[in-house]
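A.B. asks: Mind looking over this structure? Questions follow.
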Amino acid sequence: MNPQADLPGQEHPMRPIRTSLLAAALALAALHSAQADSGHMLPRHVPEAYTQECAACHTAYPPGMLPARSWQRIMAGLDKHYGTDASLDAATVQQLSTWLQSNAGTYKRVNEEPTQDRITRSAWFERKHRKIDATVWKLPSVKSAANCAACHAGADKGEFDDDHLRIPAGLDARMRRNWND
């Protein structure tokens, strides 16, 4: 007979502690997963060069939106960065490459490398925006799917919460219905 086994009507003295520890571990795992899957927050320490160089032309996308391999290819091809020469000096490229790859997405929905390493071509982006009519991307207030700040007020801070969307100018009543699903 195991002296540590629970007797009928009696609880082992360690069971509440084990249960509490397990619950705490599961809560922490869920919190980390929820943040990684929904917020895409920018890391706490963003290199000044990232803000100065990358955000000068487009949203400074959180590195967690793409896998490390995509960031590696993007940084290796800055001379032809989506039709623009975004070349930087070698030291800045090294600094930003290291930062982007060390903060790249590793969770389930960014395991894939999207077509042309475009965030807007990733499966998760297309799924999240599937109800957005193609004409919305062409509105003068939006211009393209890559202009996150047109709808996500906190995009410059890496905040893409669905609960804090703004409706872009020019959106007609029919299209507004899909906005608040």
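Note on naming: chains are A, B, ... as they come in the structure tokens, residues start from 1 per chain, ligands start from 1 in the order shown.
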Could you list, as a list in words, every residue within 10 Å of Ser87 in chain A, counting only C-alpha atoms and ignoring same-chain residues fewer than 6 positions away?
C.D. replies: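 These residues fall inside the cut-off: Glu53, Met75, Ala76, Gly77, Leu78, Asp79, Lys80, His81 and Val93 of chain A.
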A.B. asks: Which residues are near Asn147 in chain A? Cut-off 9 Å, only C-alpha atoms, ignore same chain within fewer than 4 positions. Put them as an MDAnalysis selection string.
C.D. replies: chainID A and resid 58:59 137 142:143 151
A.B. asks: For each of A:Glu126, A:Pro67, A:Thr92, A:Lys138, take the minimum atom-to-atom distance to Glu112 in chain A, counting only C-alpha atoms, then give the residue where this is smallest.
C.D. replies: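 Distance minimum relative to Glu112 in chain A lands on A:Pro67.
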A.B. asks: Measuring atom to atom with only C-alpha atoms, identify which of A:Asp172, A:Glu159, A:Asp117, A:Asp85 is nearest to Ala68 in chain A.
C.D. replies: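 Among A:Asp172, A:Glu159, A:Asp117, A:Asp85, it is A:Asp117 that comes nearest to Ala68 in chain A.
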A.B. asks: I need the residue nearest Ala49 in chain A from this list: A:Gln94, A:Ser141, A:Gln72, A:Asn103. Use only C-alpha atoms for the distance.
C.D. replies: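 Closest to Ala49 in chain A, using only C-alpha atoms: A:Gln94.
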A.B. asks: If you run DSSP on the backbone here, which positions in range 79-155 of chain A get alpha helix (DSSP H)? Please write them as number ranges by chain.
C.D. replies: A: 90-102, 123-128
A.B. asks: Have a look at A:His45, A:Tyr82, A:Cys54, A:Phe160 and name the one nearest to Gln116 in chain A; count only C-alpha atoms.
C.D. replies: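 Looking only at the distances to Gln116 in chain A, the closest residue turns out to be A:Tyr82.
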A.B. asks: So how far away is CA of Ala150 in chain A from CA of Cys57 in chain A, in Å?
C.D. replies: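 CA of Cys57 in chain A sits 14.2 Å away from CA of Ala150 in chain A.
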A.B. asks: What is the distance between CA of Arg109 in chain A and CA of Lys128 in chain A, in Å to one decimal?
C.D. replies: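 Value for the CA of Arg109 in chain A-CA of Lys128 in chain A distance: 11.5 Å.
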A.B. asks: Go through A:Ile74, A:Ala60, A:Ile132, A:Cys148 and flag the residue nearest Arg177 in chain A, using only C-alpha atoms for the distances.
C.D. replies: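 Comparing A:Ile74, A:Ala60, A:Ile132, A:Cys148 against Arg177 in chain A, the winner is A:Ile132.
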A.B. asks: Which is closest to Arg174 in chain A among A:Thr135, A:Gln52, A:Ser122, A:Ser144, if we use only C-alpha atoms?
C.D. replies: A:Thr135
